[in-house]
Amino acid sequence: MRERLIRGALPSVLSVAAALLLCFAAIAVVAASAKVALDAYLAMVWGGLGDLPRFLDGAGVAVLARPWGEAATKAGLLALTGLSVAVAFKAGLFNIGAQGQMILGAIAAAFLGAQLELPALVHPLLCISGAAVAGGLYGLLPAALKLRRGVHEVISTIMLNWIAVSLVENWLVVGPLRARASGDLSISGTDEIAATAQLPRLLGETSRLHAGFLVAVAAAVLLHLWLSRTRLGFETRAVGLAPEAARASGIPVHGRIYQAMALSGALAGMAGALLVLGTEHKFPATIGAPYGFDGIAIALIGQNHPLGVLATALLFGALRAGGTRMQLFGVHKSFPELIQGLALLFVAGRMVWDHLLALSKRKRPAEEAPRA
Amino acid sequence: MKHYRLNILLAALAVAGCKKSEPAQEQPRPAEPKKHAVGLVTDVGGRGDHSFNDSALRGLELWAAGVAFEGSAYKPVTREEVRRSLAEDVARLEPPVEPLGVRPLVVQSKAQEDYEPNLQLLVDQGAALTVGVGFMLENAVEAVARRNPGSKFLLIDSPLLDAKGNPVKLPNVRTVVFREEEGSFLVGALAGLVSKKQVGFVGGMEIPLIKKFEAGFKAGVKSTAPKTAVLSSYTGTFDNVAAGKQIAQDMLAKGVDVIFHAAGSDGLGVIQAVKEARSSGKEVYGIGVDSDQHHLAPEAMLTSMIKRVDLAVYQAARDLVEGKLAATDVVLGLKEGGVGYALVRAEFPGKAEALAKIEELRRRIVAGEIDVPSNSAELEAFQAAP
Amino acid sequence: MDGVSLEIAPGDRLALVGENGAGKSSLMNVLYGLYQPDRGTISADGRPVRLRSPKDAIALGIGMVHQHFMLVPSLTVAENVVLGREPTRRGLLDLDRACAEVEQTCRRFGFGLEVRTRIESLTVGSQQKVEIVKALHRGAKTLILDEPTAVLTPQESDELFKVARELSSAGHAVVLISHKLKEVLSFATRVAVMRRGKKVAEVPAEKTTPEELAALTVGSELSRETNGARGPKKPGAPVLELERATCRTADGRKALLEVTLSVREGEVVGIAGVDGNGQQELAELVTGLRPLEGGKLRLCAEEVRRLDPSLARRMGVAHVPEDRLLWAVVGPMSVEENISLGRQHLPPFSHGGLVDSRGRRQRACSLIRDFDIRPPDPQAALSRLSGGNQQKVVVSRELDCAPRLLVVVQPTRGLDVASVALVHRRLAKERERGCGVLLVSLDLDEVLALSDRIYVLYGGRVTGELERASFDERRIGRLMLGAEEATFA
């Protein structure tokens with residue numbers, strides 16, 4: 001078990017480490033100073049995990065809580081979109097559409113949050129459910145296109161992303177759902193959601209960290225249990241790994257694919273809900289940050305394992321929350337994304353490598369020598 | 001105009017309040033106690049938009065701090081260099097614009113939801129004043145200002161508003177909004193005089209703020225060339241250069257010969273398209289926005305609608321240093337020198353008369369003789385008038 | 001593999017026999033540059049060489065024809081043969097030259113292949129020829145054939161060996177890896193026997209017998225059970241009836257034409273035929289993988305209009321398909337997960353939607369014991385098992401369902417002697433239990449040995465039905481080739 005864990009995680013850990021080293025070198029070269037790079041990295045660490053030096057200086061617990069509150073807030077979003085991509089992967093589909101599904105989820109949450117009057121607790125739950133349904137339905141579209149018309153999901157989900165942006169950001173948010181209060185004021189986005197719909201903050205006023213993080217953690221754990229312990233999860237994995245064998249065993253392959261894509265879309269939709277209910281409290285003019293696309297990286301680096309995805313999301317959440325501080329050392333704002341991108345590249349490179357290895361192994365006949 | 005209190009209303013009690021009233025655990029640790037740290041959070045457009053954000057950065061970095069950001073670090077610049085960067089009208093101001101010796105802390109935002117932690121980060125880093133550049137930071141500035149009553153904030157381009165859209169006030173937040181329609185009116189009037197066919201307007205997000213530019217611009221065109229048609233179009237973003245270029249190329253193909261943009265980074269695409277059309281021999285002009293964008297395409301730029309975000313930032317920093325930063329809602333128009341148009345360097349027939357006409361219009365607006373429309377309803381009324 | 005020495009001379013016809021996992025393929029993979037030896041050396045023409053990859057091996061004139069063909073189905077014969085070393089003109093693929101060159105190679109070695117046909121429209125026998133041509137085209141002097149006849153008809157096998165003999169008399173060395181002792185002895189001049197990674201014997205072919213070889217490979221006096229103890233035929237009610245059944249292949253050609261046949265309780269019905277004459281589709285039809293287009297299908301006397309795999313399983317149909325990697329197993333999953341496949345929704349594998357890992361483990365362990373699956377680890381990834389053991393996983397699982405109709409296709413392909421005997425014993429046991437068995441095999445010996453009745457398929461039609469009493473290998477061979485239309489009894 002332990003050995004399997006190490007073997008599974010090691011390539012990702014190495015990839016992330018290599019990415020960190022490479023970026024360190026890049027910063028050092030650009031700034032012509034290793035000290036700047038070191039300072040920037042330290043700032044990133046303190047900014048992601050809590051500002052320990054200042055805490056020791058007696059600056060109070062807020063300097064610890066705020067960084068990891070931000071890290072966890074980001075990690076929650078990344079985890080949900082990562083899980084979204086991962087669960088589709090498990091069923092053998094490459095869902096590039098988490099971004100679009102997230103946008104649909106966000107607008108659903110913003111609408112329900114602003115339009116309904118419900119007691120606290122019930123309200124955010126209903127908004128999250130609504131977002132999950134919206135994202136899930138949107139996730140079903142590429143599945144239907146694939147199974148009925150043979151459209152490859154990579155193509156359809158990319159296009160559906162654009163449709164989601166056009167539909168939501170270029171029409172709903174500036175049209176029918178535009179904030180009623182805006183008038184001649186410079187208010188962008190939709191109406192603010194009711195106070196009852198806001199996700200409760202976990203650390204009070206100190207940090208924005210909200211209950212959505214717990215939703216993401218719960219989603220990862222539940223998804224892990226679903227995949228490993230339930231019949232449906234087992235069947236879904238079988239469909240993803242060997243669709244023909246799954247069909248021959250009597251598993252309703254189409255049903256499982258629909259289900260996985262609905263789940264994938266729902267998870268991405270929930271990410272959108274977290275963004276709206278947790279921090280923005282409305283659908284902003286645009287969801288600029290590509291969390292849906294980040295999800296692809298998070299899923300791959302996390303080896304498509306729900307808990308691996310969660311761990312990766314926590315890491316990159318911290319990296320990005322802390323990475324902002326690198327700007328104070330003159331480091332370009334894109335370095336946190338660069339680290340993530342490079343890590344993905346290394347992980348993907350390893351997959352290509354593995355694939356080549358597997359091909360050469362397949363050349364070996366079925367027999368193998370007894371293991372020494 | 002009654003909001004104009006920038007140098008008039010002095011609130012002495014705000015002096016260095018952050019150090020006294022803040023609870024001990026929230027107290028920032030100033031790295032250099034003598035030097036005021038001034039933070040600035042850009043919107044998603046970020047550094048290098050040659051427009052709105054860069055204007056704010058100029059006010060803080062070049063003017064207030066006397067440094068320039070080169071490569072990846074700040075380099076000090078001489079007083080003389082600072083002076084040379086000032087436009088004519090700014091250089092005439094009293095007291096003069098000169099470095100204040102503040103320490104700039106700049107963070108660029110990558111996403112909407114990062115505004116709040118970024119502002120908080122700069123407060124935690126010891127910024128006595130933190131500037132939120134852009135109306136999109138309104139919620140974030142409000143939240144962080146409430147959480148950190150000992151720190152000062154400057155919000156550009158929007159008043160503080162509650163969920164219903166009603167203005168609210170906080171004792172530690174100054175807000176600045178501009179009468180963009182007035183500056184736009186003047187460049188529109190100039191466009192009307194220069195254009196031989198049609199003029200175009202490219203906006204970023206289709207929001208009331210940008211509609212002000214459009215309304216003023218259209219009214220300006222009407223005032224000098226009532227028969228000239230104005231095409232207008234929106235990219236829907238502020239950070240998509242390609243979208244701006246595409247829309248501009250579209251307009252140029254339809255026979256537009258002067259294009260005004262109010263689209264942040266998208267505008268760089270607009271200027272690019274105009275520049276390319278110009279080098280292929282077409283007699284077309286672009287009009288920049290926020291900063292003087294002449295240097296982006298020296299041949300093709302007619303002028304730029306100037307919005308003195310730099311000045312607003314600089315003045316807030318100076319008030320901070322002088323201990324008189326008050327929580328006011330400032331409105332800057334032509335009269336206050338907050339908007340205007342850049343030096344017209346392009347040569348065209350009848351330039352002298354045209355500029356005289358524009359100056360005449362400016363005088364009439366400042367005097368209140370012309371009420372420049374700031375939204376589509378007012379624009380309709382304006383156009384309906386003889 | 002441990003301390004094995006082997007010498008191959010030009011013109012040699014060497015056979016390598018041994019159980020699954022005895023190390024035959026590993027030995028050959030060392031020779032082909034896929035594995036590196038930990039100790040010891042390889043010499044070519046007296047000089048020691050290092051084979052770092054198949055490229056080095058090919059450069060030395062070693063060619064390998066794998067059990068699983070390495071061909072691209074959508075490309076033509078010529079394209080497949082030149083793949084990796086395509087002739088080019090100004091950087092572009094020169095197809096005409098490729099075709100000409102490949103045609104020349106075919107003519108030189110006497111292969112009648114149409115080089116412009118696509119691989120996917122060729123029979124398995126022809127595909128294998130393409131593999132051989134590919135090796136020869138690259139200048140192979142030593143040809144390694146890994147279980148080449150596992151998929152061939154007797155006629156095709158005869159032809160293959162004829163070609164191989166000609167190659168050897170032209171100075172090529174041919175190494176044959178096979179479980180079929182009869183063909184080994186008829187083809188090879190020398191036989192090397194592997195057991196547990198060691199070479200236990202190397203004997204001239206004329207000085208040994210199939211019994212001796214069998215004993216050497218398994219290390220005891222166990223020989224292939226062909227016609228073991230079988231009770232008299234006592235068939236009961238029909239479990240499968242096809243009436244003028246028609247269906248198509250995946251690419252829309254007619255695969256089965258008005259096929260009428262039946263399988264009854266307690267009998268083994270064999271389907272004989274040259275590969276590609278509809279047996280595959282027949283198996284897929286009755287297991288619900290392929291839709292019926294015309295005619296009637298009855299399972300246990302109940303007419304089924306739309307059969308799908310799930311319904312088939314519910315009605316008691318079990319399936320051991322030919323291509324287990326495609327149809328039967330999920331390689332990256334564990335042995336126990338694969339054992340639950342098909343019954344994952346039933347006890348003991350799950351309860352109320354939750355996987356019952358304890359029940360699953362127990363059942364997997366008992367099957368691993370019964371079928372001697374190695375390694376005996378229910379958590380091992382299935383893809384890490386040898387082909388024979390993978391097949392045992394599939395067979396054990398399908399038999400464990402206690403089916404009423406068992407459809408088995410090539411159940412012993414690639415299995416060693418002991419495993420073949422085990423599978424055959426278990427099939428006989430199912431028959432005794434009252435299960436109807438539909439056996440599709442390209443190994444005519446197997447069909448003859450196990451069946452109570454045989455249908456011969458040719459061109460998607462049943463060309464003959466024979467009762468056990470009237471089995472006649474030569475006659476079946478003629479029926480398989482469509483040379484004789486039998487009169488139905």
# chains A, B, ... in the order shown; residues from 1 in each chain; ligands from 1
>>> select_by_dssp(residues="range 119-244 of chain C", states="strand (DSSP E or B)", output="VMD selection string")
chain C and resid 142 to 146 173 to 177 190 to 195 198 to 204 238 to 244
>>> closest_atom_pairs(of="range 147-261 of chain A", to="range 278-287 of chain C", cutoff="10 Å", atoms="only C-alpha atoms", output="CSV")
residue,atom,partner,partner_atom,distance
A:Ala248,CA,C:Thr287,CA,8.0
A:Ser249,CA,C:Thr287,CA,9.9
A:Gly250,CA,C:Thr287,CA,9.8
>>> interface_residues(of="chain C", to="chain A", cutoff="8 Å", atoms="only C-alpha atoms", output="MDAnalysis selection string")
chainID C and resid 1 20:26 29 34 66:68 70 146 196:197 289 308:311 313 325:332 341:345 350 353:356 386:388
>>> interface_residues(of="chain B", to="chain A", cutoff="7 Å", atoms="only C-alpha atoms", output="VMD selection string")
chain B and resid 25 to 26 72 to 73 105 to 108 111 to 113 135 158 163 to 165 207 to 209 236
>>> residues_around(residues="Arg195 in chain C", least_positions_apart="3", cutoff="6 Å", atoms="only C-alpha atoms", output="mmCIF file with C-alpha atoms, in the first residue's frame")
data_model
loop_
_atom_site.group_PDB
_atom_site.id
_atom_site.type_symbol
_atom_site.label_atom_id
_atom_site.label_comp_id
_atom_site.auth_asym_id
_atom_site.auth_seq_id
_atom_site.Cartn_x
_atom_site.Cartn_y
_atom_site.Cartn_z
ATOM 1 C CA GLY C 18 8.141 -25.030 -22.557
ATOM 2 C CA ALA C 22 9.211 -21.029 -18.677
ATOM 3 C CA LYS C 198 16.419 -22.998 -17.493
ATOM 4 C CA THR C 217 8.327 -29.421 -20.295
#
>>> atom_distance(atom1="CA of Leu93 in chain A", atom2="CA of Tyr258 in chain A")
10.5 Å
